[in-house]
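Colleague: my_file_20.csv is reproduced below (CSV, C-alpha atoms).
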```csv
chain,number,residue,atom,x,y,z
E,1,MET,CA,18.6,44.0,3.9
E,2,ALA,CA,15.3,46.0,4.1
E,3,ASP,CA,15.5,46.3,0.3
E,4,LEU,CA,15.5,42.6,-0.2
E,5,SER,CA,12.2,41.5,-1.8
E,6,TRP,CA,10.1,38.6,-0.8
E,7,ALA,CA,10.4,37.3,-4.3
E,8,ASP,CA,14.2,37.1,-3.8
E,9,LEU,CA,13.8,35.2,-0.5
E,10,ARG,CA,11.3,32.8,-2.0
E,11,ALA,CA,13.6,32.2,-4.9
E,12,ALA,CA,16.5,31.5,-2.4
E,13,VAL,CA,14.2,29.0,-0.6
E,14,ALA,CA,13.2,27.3,-3.8
E,15,ALA,CA,16.8,27.0,-4.9
E,16,GLY,CA,17.8,25.5,-1.6
E,17,HIS,CA,20.2,28.3,-0.5
E,18,LEU,CA,18.0,29.0,2.5
E,19,SER,CA,15.6,27.0,4.6
E,20,GLU,CA,12.1,28.3,5.1
E,21,ALA,CA,12.9,29.1,8.7
E,22,GLN,CA,16.0,31.0,7.8
E,23,ALA,CA,14.2,33.0,5.1
E,24,ALA,CA,11.4,33.9,7.6
E,25,SER,CA,14.0,35.0,10.1
E,26,VAL,CA,15.8,37.2,7.6
E,27,GLN,CA,12.5,38.8,6.5
E,28,ALA,CA,11.4,39.3,10.1
E,29,LEU,CA,14.6,41.2,10.8
E,30,ALA,CA,14.2,43.3,7.7
E,31,ALA,CA,10.6,44.1,8.5
E,32,ALA,CA,11.5,45.1,12.0
E,33,ARG,CA,14.3,47.3,10.8
E,34,ALA,CA,12.1,49.0,8.2
E,35,ASN,CA,9.3,49.3,10.7
E,36,HIS,CA,6.7,47.9,8.3
E,37,ARG,CA,5.6,44.8,6.6
E,38,ALA,CA,6.4,44.2,2.9
E,39,ALA,CA,3.7,45.2,0.5
E,40,GLU,CA,3.0,41.7,-0.7
E,41,ASP,CA,1.1,40.4,2.3
E,42,GLU,CA,-0.5,37.4,0.7
E,43,PRO,CA,1.7,36.0,-2.1
E,44,PHE,CA,-0.1,33.9,-4.7
E,45,GLU,CA,1.7,32.1,-7.6
E,46,LEU,CA,-0.1,30.0,-10.2
E,47,PHE,CA,2.8,30.1,-12.7
E,48,ARG,CA,6.1,31.8,-13.0
E,49,GLY,CA,6.3,32.5,-16.8
E,50,PHE,CA,5.3,31.4,-20.2
E,51,ALA,CA,7.7,28.5,-20.0
E,52,GLU,CA,5.5,26.8,-17.5
E,53,ILE,CA,2.4,27.4,-19.7
E,54,PHE,CA,4.3,25.9,-22.6
E,55,VAL,CA,5.3,22.8,-20.6
E,56,THR,CA,1.7,22.5,-19.2
E,57,VAL,CA,0.3,22.6,-22.7
E,58,GLY,CA,2.7,19.8,-23.8
E,59,LEU,CA,1.9,17.7,-20.8
E,60,GLY,CA,-1.8,18.3,-21.3
E,61,ILE,CA,-1.7,17.0,-24.9
E,62,LEU,CA,0.5,14.0,-23.9
E,63,ILE,CA,-1.9,13.1,-21.0
E,64,ALA,CA,-5.0,13.5,-23.1
E,65,GLY,CA,-3.6,11.2,-25.8
E,66,ALA,CA,-2.4,8.7,-23.2
E,67,PHE,CA,-5.9,8.5,-21.5
E,68,GLY,CA,-7.5,8.4,-24.9
E,69,LEU,CA,-5.4,5.4,-25.9
E,70,THR,CA,-6.1,3.7,-22.6
E,71,LEU,CA,-9.9,4.0,-23.2
E,72,THR,CA,-9.5,2.9,-26.8
E,73,ALA,CA,-7.7,-0.2,-25.7
E,74,GLY,CA,-10.6,-1.1,-23.5
E,75,VAL,CA,-13.0,-0.8,-26.5
E,76,LEU,CA,-10.9,-2.5,-29.2
E,77,LEU,CA,-9.8,-5.6,-27.2
E,78,PRO,CA,-12.0,-8.7,-27.4
E,79,ASP,CA,-13.9,-8.4,-24.1
E,80,PRO,CA,-14.2,-4.7,-23.4
E,81,GLN,CA,-16.0,-5.1,-20.0
E,82,THR,CA,-13.5,-7.5,-18.6
E,83,VAL,CA,-10.5,-5.7,-19.9
E,84,PHE,CA,-11.9,-2.3,-18.6
E,85,THR,CA,-12.1,-3.7,-15.0
E,86,THR,CA,-8.7,-5.4,-15.1
E,87,GLY,CA,-6.2,-4.6,-17.9
E,88,VAL,CA,-7.3,-1.0,-18.5
E,89,VAL,CA,-7.3,-0.2,-14.8
E,90,MET,CA,-3.8,-1.6,-14.6
E,91,ILE,CA,-2.8,0.8,-17.4
E,92,TYR,CA,-4.2,3.6,-15.3
E,93,SER,CA,-2.1,2.5,-12.4
E,94,LEU,CA,0.9,2.5,-14.7
E,95,TRP,CA,0.1,6.1,-15.6
E,96,ALA,CA,0.0,7.0,-11.9
E,97,VAL,CA,3.6,5.7,-11.7
E,98,VAL,CA,4.6,7.6,-14.8
E,99,THR,CA,3.0,10.8,-13.5
E,100,TRP,CA,4.9,10.3,-10.2
E,101,GLY,CA,8.1,10.1,-12.3
E,102,LEU,CA,7.3,13.2,-14.2
E,103,ALA,CA,6.7,15.1,-11.0
E,104,GLU,CA,10.2,14.0,-9.8
E,105,TYR,CA,11.5,16.2,-12.6
E,106,PHE,CA,9.0,19.0,-13.1
E,107,THR,CA,8.0,19.4,-9.4
E,108,ARG,CA,11.1,18.4,-7.3
E,109,LYS,CA,13.8,19.5,-9.7
E,110,ARG,CA,12.4,22.2,-11.8
E,111,ARG,CA,9.9,23.5,-9.2
E,112,MET,CA,7.4,24.4,-11.9
E,113,VAL,CA,4.0,25.3,-10.4
E,114,LEU,CA,1.5,25.0,-13.2
E,115,PRO,CA,2.8,21.7,-14.6
E,116,SER,CA,2.9,20.3,-11.1
E,117,ILE,CA,-0.8,21.2,-10.6
E,118,LEU,CA,-1.7,19.3,-13.9
E,119,LEU,CA,0.4,16.3,-12.8
E,120,VAL,CA,-1.3,16.0,-9.4
E,121,LEU,CA,-4.7,16.2,-11.1
E,122,THR,CA,-3.6,13.5,-13.5
E,123,TYR,CA,-2.2,11.4,-10.6
E,124,GLY,CA,-5.6,11.6,-8.8
E,125,ALA,CA,-7.5,10.7,-12.0
E,126,SER,CA,-5.2,7.7,-12.5
E,127,VAL,CA,-5.4,6.4,-8.9
E,128,LEU,CA,-9.2,6.7,-8.8
E,129,PRO,CA,-10.1,3.9,-11.3
E,130,LEU,CA,-7.6,1.6,-9.5
E,131,ALA,CA,-9.2,2.4,-6.1
E,132,ILE,CA,-12.7,1.8,-7.4
E,133,TRP,CA,-11.6,-1.5,-9.0
E,134,CYS,CA,-10.0,-2.7,-5.8
E,135,LEU,CA,-13.0,-1.7,-3.7
E,136,GLY,CA,-15.3,-3.6,-6.1
E,137,HIS,CA,-13.6,-6.8,-4.9
E,138,VAL,CA,-14.4,-5.8,-1.3
E,139,PHE,CA,-17.8,-4.2,-1.4
E,140,SER,CA,-20.9,-4.6,-3.5
E,141,LEU,CA,-20.8,-1.3,-5.2
E,142,GLN,CA,-24.6,-1.2,-5.6
E,143,SER,CA,-25.6,-2.4,-2.1
E,144,SER,CA,-23.1,-0.4,-0.1
E,145,PRO,CA,-22.7,3.0,-1.8
E,146,LYS,CA,-22.0,4.8,1.5
E,147,ALA,CA,-19.3,2.4,2.5
E,148,VAL,CA,-17.7,2.5,-0.9
E,149,VAL,CA,-17.6,6.3,-1.1
E,150,LEU,CA,-16.3,6.7,2.5
E,151,THR,CA,-13.6,4.1,1.9
E,152,LEU,CA,-12.7,5.6,-1.5
E,153,SER,CA,-12.4,9.1,0.1
E,154,VAL,CA,-10.0,7.7,2.7
E,155,VAL,CA,-7.9,5.8,0.1
E,156,MET,CA,-7.7,8.8,-2.2
E,157,ALA,CA,-6.8,11.2,0.6
E,158,GLY,CA,-4.1,8.8,1.6
E,159,ALA,CA,-2.7,8.6,-1.9
E,160,LEU,CA,-2.7,12.4,-2.2
E,161,ALA,CA,-1.1,12.8,1.2
E,162,ALA,CA,1.7,10.6,0.0
E,163,TRP,CA,2.1,12.9,-3.0
E,164,TYR,CA,2.1,15.9,-0.8
E,165,ARG,CA,4.7,14.4,1.6
E,166,ARG,CA,7.0,13.7,-1.4
E,167,PHE,CA,6.5,16.8,-3.5
E,168,ARG,CA,5.2,19.4,-1.0
E,169,LEU,CA,2.9,20.8,-3.7
E,170,PRO,CA,0.4,23.2,-1.9
E,171,PHE,CA,-2.4,22.7,-4.5
E,172,THR,CA,-2.6,19.1,-3.3
E,173,MET,CA,-4.5,20.4,-0.3
E,174,VAL,CA,-7.5,21.2,-2.5
E,175,LEU,CA,-7.8,17.6,-3.6
E,176,ILE,CA,-7.3,16.3,-0.1
E,177,ALA,CA,-10.0,18.7,1.1
E,178,LEU,CA,-12.4,17.4,-1.6
E,179,CYS,CA,-11.9,13.9,-0.3
E,180,GLY,CA,-12.8,15.2,3.1
E,181,LEU,CA,-15.9,16.9,1.8
E,182,ALA,CA,-17.0,13.6,0.2
E,183,GLY,CA,-16.5,11.9,3.5
E,184,CYS,CA,-18.7,14.5,5.2
E,185,PHE,CA,-21.4,13.9,2.7
E,186,VAL,CA,-21.3,10.2,3.5
E,187,LEU,CA,-21.2,10.5,7.3
E,188,PHE,CA,-23.9,13.2,7.6
E,189,GLY,CA,-26.1,12.6,4.6
E,190,SER,CA,-28.3,9.8,3.5
E,191,THR,CA,-27.6,7.5,0.6
E,192,GLU,CA,-29.8,9.6,-1.6
E,193,ASP,CA,-27.9,12.7,-0.7
E,194,LEU,CA,-24.8,11.4,-2.3
E,195,PHE,CA,-26.3,11.8,-5.7
E,196,THR,CA,-29.3,14.2,-5.4
E,197,ALA,CA,-28.2,16.8,-2.8
E,198,PRO,CA,-26.2,19.0,-5.2
E,199,PHE,CA,-29.1,19.1,-7.6
E,200,THR,CA,-32.4,19.2,-5.7
E,201,ALA,CA,-33.7,21.3,-2.9
E,202,PHE,CA,-30.3,22.8,-2.3
E,203,ASP,CA,-31.7,25.6,-0.1
E,204,GLU,CA,-33.3,23.0,2.2
E,205,THR,CA,-30.5,20.5,2.1
E,206,MET,CA,-27.9,23.1,3.4
E,207,ASP,CA,-30.2,24.5,6.1
E,208,LEU,CA,-29.0,23.5,9.6
E,209,ARG,CA,-32.6,23.4,10.8
E,210,ASN,CA,-33.6,20.8,8.2
E,211,SER,CA,-30.7,18.6,7.4
E,212,THR,CA,-27.7,16.9,9.0
E,213,LEU,CA,-25.9,17.3,5.8
E,214,ALA,CA,-25.6,21.0,6.4
E,215,LEU,CA,-23.9,20.1,9.7
E,216,GLY,CA,-21.4,18.0,7.7
E,217,THR,CA,-20.5,20.9,5.4
E,218,LEU,CA,-20.1,23.2,8.4
E,219,ILE,CA,-17.8,20.7,10.1
E,220,PHE,CA,-15.8,20.3,6.9
E,221,GLY,CA,-15.4,24.1,6.7
E,222,LEU,CA,-14.2,24.4,10.2
E,223,ALA,CA,-11.7,21.5,9.7
E,224,ALA,CA,-10.4,23.0,6.5
E,225,PHE,CA,-10.1,26.4,8.3
E,226,ALA,CA,-8.2,24.8,11.2
E,227,GLY,CA,-5.9,23.1,8.7
E,228,GLY,CA,-5.2,26.4,7.0
E,229,MET,CA,-4.4,28.1,10.3
E,230,TRP,CA,-2.1,25.2,11.2
E,231,PHE,CA,-0.1,25.8,8.1
E,232,ASP,CA,-0.3,29.6,8.4
E,233,MET,CA,1.1,29.6,12.0
E,234,ARG,CA,4.1,27.6,10.8
E,235,ASP,CA,4.9,30.3,8.3
E,236,PRO,CA,3.6,33.6,9.5
E,237,HIS,CA,5.9,35.6,7.2
E,238,ARG,CA,4.5,33.7,4.2
E,239,LEU,CA,7.7,32.8,2.5
E,240,GLY,CA,7.4,29.0,2.1
E,241,ARG,CA,5.1,26.2,1.0
E,242,ALA,CA,3.3,26.0,4.4
E,243,SER,CA,1.7,29.4,3.9
E,244,ALA,CA,0.8,28.4,0.3
E,245,SER,CA,-0.8,25.2,1.5
E,246,GLY,CA,-2.8,27.2,4.0
E,247,PHE,CA,-4.0,29.5,1.2
E,248,TRP,CA,-5.6,26.6,-0.7
E,249,LEU,CA,-7.2,25.2,2.5
E,250,HIS,CA,-8.7,28.7,3.2
E,251,LEU,CA,-10.1,28.7,-0.3
E,252,CYS,CA,-11.9,25.5,0.5
E,253,ALA,CA,-13.0,26.5,4.0
E,254,ALA,CA,-14.6,29.9,3.1
E,255,PRO,CA,-17.4,28.7,0.7
E,256,ALA,CA,-18.2,25.7,3.0
E,257,LEU,CA,-18.7,28.0,6.0
E,258,VAL,CA,-20.5,30.7,4.1
E,259,ASN,CA,-22.7,28.0,2.4
E,260,THR,CA,-24.1,26.6,5.6
E,261,VAL,CA,-24.3,29.8,7.6
E,262,ALA,CA,-25.9,31.8,4.8
E,263,MET,CA,-28.4,29.2,3.7
E,264,THR,CA,-29.6,28.8,7.3
E,265,PHE,CA,-30.0,32.5,8.0
E,266,ILE,CA,-31.5,33.2,4.5
E,267,GLY,CA,-34.0,30.4,5.2
E,268,MET,CA,-35.1,32.1,8.4
E,269,GLY,CA,-36.4,34.9,6.2
E,270,PRO,CA,-36.4,38.7,6.5
E,271,GLY,CA,-35.9,40.2,9.9
E,272,LEU,CA,-33.9,38.1,12.3
E,273,GLY,CA,-32.5,35.9,9.6
E,274,TYR,CA,-31.1,38.7,7.5
E,275,ALA,CA,-29.8,40.5,10.6
E,276,LEU,CA,-27.9,37.4,11.7
E,277,LEU,CA,-26.6,37.0,8.1
E,278,ALA,CA,-25.3,40.6,8.2
E,279,LEU,CA,-23.6,40.0,11.6
E,280,SER,CA,-22.0,36.8,10.3
E,281,LEU,CA,-20.6,38.7,7.3
E,282,VAL,CA,-19.1,41.2,9.7
E,283,ALA,CA,-17.6,38.4,11.8
E,284,ILE,CA,-16.1,36.8,8.6
E,285,ALA,CA,-14.6,40.2,7.6
E,286,LEU,CA,-13.0,40.6,11.1
E,287,LEU,CA,-11.7,37.1,11.1
E,288,ALA,CA,-10.1,37.6,7.6
E,289,LEU,CA,-8.4,40.8,9.0
E,290,ILE,CA,-7.1,39.0,12.1
E,291,ILE,CA,-5.6,36.1,10.1
E,292,ASP,CA,-4.6,38.5,7.2
E,293,ARG,CA,-6.3,36.5,4.5
E,294,ARG,CA,-7.9,38.6,1.8
E,295,SER,CA,-8.5,35.4,-0.2
E,296,PHE,CA,-10.7,33.9,2.6
E,297,LEU,CA,-12.9,37.0,2.6
E,298,THR,CA,-13.0,37.3,-1.2
E,299,VAL,CA,-14.0,33.7,-1.9
E,300,GLY,CA,-16.5,33.7,0.9
E,301,ILE,CA,-18.2,37.0,-0.3
E,302,GLY,CA,-18.1,35.8,-3.9
E,303,TYR,CA,-19.8,32.6,-3.0
E,304,LEU,CA,-22.4,34.5,-1.0
E,305,ILE,CA,-23.2,36.7,-4.0
E,306,PHE,CA,-23.7,33.5,-6.1
E,307,LEU,CA,-26.1,32.1,-3.4
E,308,VAL,CA,-28.1,35.4,-3.1
E,309,SER,CA,-28.4,35.7,-6.9
E,310,TRP,CA,-29.4,32.1,-7.3
E,311,LEU,CA,-32.0,32.2,-4.6
E,312,THR,CA,-33.3,35.6,-5.8
E,313,ASP,CA,-33.7,34.2,-9.3
E,314,ALA,CA,-35.6,31.2,-8.0
E,315,GLU,CA,-38.0,33.1,-5.7
E,316,THR,CA,-38.6,36.5,-7.3
E,317,PRO,CA,-40.1,37.7,-10.6
E,318,THR,CA,-37.7,38.2,-13.4
E,319,ASP,CA,-38.0,42.0,-13.3
E,320,ASN,CA,-37.0,42.2,-9.6
E,321,TRP,CA,-34.2,39.7,-9.9
E,322,PHE,CA,-31.9,42.0,-11.8
E,323,GLU,CA,-32.6,44.9,-9.4
E,324,VAL,CA,-31.9,42.9,-6.3
E,325,SER,CA,-28.8,41.3,-7.8
E,326,ALA,CA,-27.5,44.7,-8.9
E,327,THR,CA,-28.1,46.1,-5.4
E,328,VAL,CA,-26.2,43.3,-3.8
E,329,LEU,CA,-23.3,43.7,-6.1
E,330,PHE,CA,-23.2,47.5,-5.6
E,331,PHE,CA,-23.0,47.5,-1.8
E,332,THR,CA,-20.7,44.4,-1.7
E,333,GLY,CA,-18.4,46.2,-4.1
E,334,ILE,CA,-18.3,49.3,-1.9
E,335,VAL,CA,-17.4,47.2,1.2
E,336,LEU,CA,-14.7,45.1,-0.6
E,337,THR,CA,-13.2,48.2,-2.2
E,338,ALA,CA,-13.0,50.0,1.1
E,339,LEU,CA,-11.4,47.0,2.8
E,340,GLY,CA,-8.9,46.6,-0.1
E,341,ALA,CA,-7.9,50.3,0.2
E,342,TRP,CA,-7.5,50.4,4.0
E,343,TRP,CA,-6.8,46.8,4.8
E,344,THR,CA,-3.4,47.3,6.4
E,345,GLY,CA,-4.5,50.2,8.6
E,346,LEU,CA,-7.7,48.4,9.6
E,347,ARG,CA,-5.7,45.3,10.6
E,348,VAL,CA,-3.2,47.3,12.6
E,349,ALA,CA,-6.0,49.0,14.5
E,350,LEU,CA,-7.9,45.7,15.1
E,351,MET,CA,-4.8,43.8,16.2
E,352,ARG,CA,-3.8,46.5,18.6
E,353,ALA,CA,-7.3,46.7,20.1
E,354,LEU,CA,-7.5,42.9,20.6
E,355,PRO,CA,-6.1,41.6,23.9
E,356,GLU,CA,-3.4,38.9,23.9
E,357,PHE,CA,-4.8,35.5,23.0
E,358,PRO,CA,-3.2,32.1,22.3
E,359,GLY,CA,-1.6,32.1,18.9
E,360,LYS,CA,-1.7,35.9,18.4
E,361,SER,CA,2.1,36.0,18.2
E,362,ALA,CA,2.1,33.3,15.5
E,363,LEU,CA,-0.2,35.2,13.2
E,364,PRO,CA,1.3,37.4,10.4
E,365,PRO,CA,3.0,40.4,12.0
E,366,TYR,CA,1.5,43.8,11.9
E,367,LYS,CA,2.9,47.3,12.0
E,368,THR,CA,4.7,48.0,15.3
E,369,GLU,CA,5.4,51.2,17.2
```
Just give me the structure as structure tokens.

Modeller:
Amino acid sequence: MADLSWADLRAAVAAGHLSEAQAASVQALAAARANHRAAEDEPFELFRGFAEIFVTVGLGILIAGAFGLTLTAGVLLPDPQTVFTTGVVMIYSLWAVVTWGLAEYFTRKRRMVLPSILLVLTYGASVLPLAIWCLGHVFSLQSSPKAVVLTLSVVMAGALAAWYRRFRLPFTMVLIALCGLAGCFVLFGSTEDLFTAPFTAFDETMDLRNSTLALGTLIFGLAAFAGGMWFDMRDPHRLGRASASGFWLHLCAAPALVNTVAMTFIGMGPGLGYALLALSLVAIALLALIIDRRSFLTVGIGYLIFLVSWLTDAETPTDNWFEVSATVLFFTGIVLTALGAWWTGLRVALMRALPEFPGKSALPPYKTE
């Protein structure tokens, strides 16, 4: 049983031969008998073969043609503006239903990953015009933009949650998280922030000392991280969809947390600010080791490199920008390479050194005596 691969167990779960709980139990027993964890600690699967790419290309062409015909109908019919807000929007709602039907086959029956991602994106793009059209009859879109965006975020999150409940597609969590991010922008930002924050004074807008919007992104990051941990602790052996759902939430949480923390500490300037930034990076690395999520650390560090390069480009001469960016890349590469090489050993040492705390037993197992 120790020779049974995680891929075999995931295939058995996908085929319905084992439940996720049964598969996790089998793998836990095998790991205990072999006295080590399987090598694939954080499985990630975007597609399972070229057949999925082929189907996705076909669906993409079909969807592009369908949406194009929908827009063309709004232009060619006698009263384009009226038709676009009624008839064409109804066609989009029809496409939401059609997309749901396609997912019944490609997601629930065939369990194809990449086509399912395309279908949920299409579903969201189909529901959005319908939601805006409905809200236009409740709010004045011009006079109440914050109420519209907040309500729209809730409606879209609900529609996507219904999709997730039905199809259990982990990638859906990314879209639900984006709805939550939009809601945080509304709750913690001004009306102007909805349209200008991503493009103007980004370093000031995301500084906790200057803007409540930064607090909103921090709360969003913490909420996404908590959601990811909730899924992770339901599937510590990472054999089922719960762990995959947590993976996508961690990908959303990491840049949000790094964004606010880094922008605040960088804004404090050399000295205390940079020292706090270094300490925060150490804390993020330790947290990633504890929860055993390389993806969390990778995305967070990658986003930090982008921020540092962007700020350096804006505030330093062109000659110095390349030197500073290259230095950041060099030392970051050393740290990530070292962590990648000795991740398992470092995590074992860290987990053994930590005292017992609530939830420790629900985290991914580490090497035992």

Colleague: May I ask for the distance between atom CA of E:Thr72 and atom CA of E:Tyr92, given in Å to one decimal place?

Modeller: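 Computed distance, atom CA of E:Thr72 to atom CA of E:Tyr92, equals 12.7 Å.
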
Colleague: Which residue gives the smallest distance to E:Leu118 among E:Leu169, E:Ala244, E:Ile305, E:Leu251, with all atoms listed in the file counted?

Modeller: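 For E:Leu118, the nearest of the candidates is E:Leu169.
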
Colleague: Neighbouring residues of stretch 47-64 of chain E were defined as those with any atom within 6 Å, considering only C-alpha atoms; residues of the same chain fewer than 5 positions away were excluded. Please report them as a list in words.

Modeller: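 Using only C-alpha atoms, the neighbours found are Val113, Leu114 and Pro115 of chain E.
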
Colleague: Atom CA of E:Ala157 to atom CA of E:Arg111: how many Å, to one decimal?

Modeller: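 Straight-line distance from atom CA of E:Ala157 to atom CA of E:Arg111 works out to 22.9 Å.
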
Colleague: Find the distance between atom CA of E:Arg168 and atom CA of E:Ala12 and write it in Å to one decimal.

Modeller: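 According to the coordinates, atom CA of E:Arg168 and atom CA of E:Ala12 are separated by 16.6 Å.
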
Colleague: When you count all atoms listed in the file, which of these residues is closest to E:Leu249: E:Gly183, E:Gly228, E:Gly345, E:Gly273?

Modeller: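 Looking only at the distances to E:Leu249, the closest residue turns out to be E:Gly228.
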
Colleague: What's the 10 Å shell around E:Ser93, counting all atoms listed in the file, without same-chain residues fewer than 6 positions away, as number ranges by chain?

Modeller: E: 87, 99, 123, 125-131

Colleague: Report as a PDB file with C-alpha atoms, in the frame of the given file all protein, DNA and RNA residues lying within 8 Å of E:Val258, evaluated on only C-alpha atoms, omitting residues in the same chain fewer than 6 positions from it.

Modeller:
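Result file selection06.pdb:
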```
ATOM      1  CA  GLY E 300     -16.500  33.700   0.900  1.00  0.00           C
ATOM      2  CA  TYR E 303     -19.800  32.600  -3.000  1.00  0.00           C
ATOM      3  CA  LEU E 304     -22.400  34.500  -1.000  1.00  0.00           C
TER       4      LEU E 304
END
```

Colleague: Using all atoms listed in the file, find the one residue out of E:Tyr366, E:Phe171, E:Phe185, E:Phe296 that sits nearest to E:Ala242.

Modeller: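 Smallest separation from E:Ala242 among the options: E:Phe171.
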
Colleague: Residues at most 12 Å from stretch 334-338 of chain E, counting all atoms listed in the file, excluding those fewer than 2 positions away in the same chain, as a list in words?

Modeller: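 Counting all atoms listed in the file, the residues come to Leu281, Val282, Ala285, Arg294, Ser295, Leu297, Thr298, Val299, Gly300, Ile301, Gly302, Thr327, Val328, Leu329, Phe330, Phe331, Thr332, Gly340, Ala341, Trp342, Trp343, Thr344, Gly345 and Leu346 of chain E.
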
Colleague: Given only C-alpha atoms as the basis, pick out the residue of E:Met233, E:Leu135, E:Ala353, E:Val261 nearest to E:Phe247.

Modeller: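 Going through E:Met233, E:Leu135, E:Ala353, E:Val261 one by one, the smallest distance to E:Phe247 is for E:Met233.
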
Colleague: Using all atoms listed in the file, list the residues that have an atom at most 7 Å from (3.1, 15.1, -5.9), coordinates as in the file, as a PyMOL selection string.

Modeller: chain E and resi 100+103+120+163-164+166-169
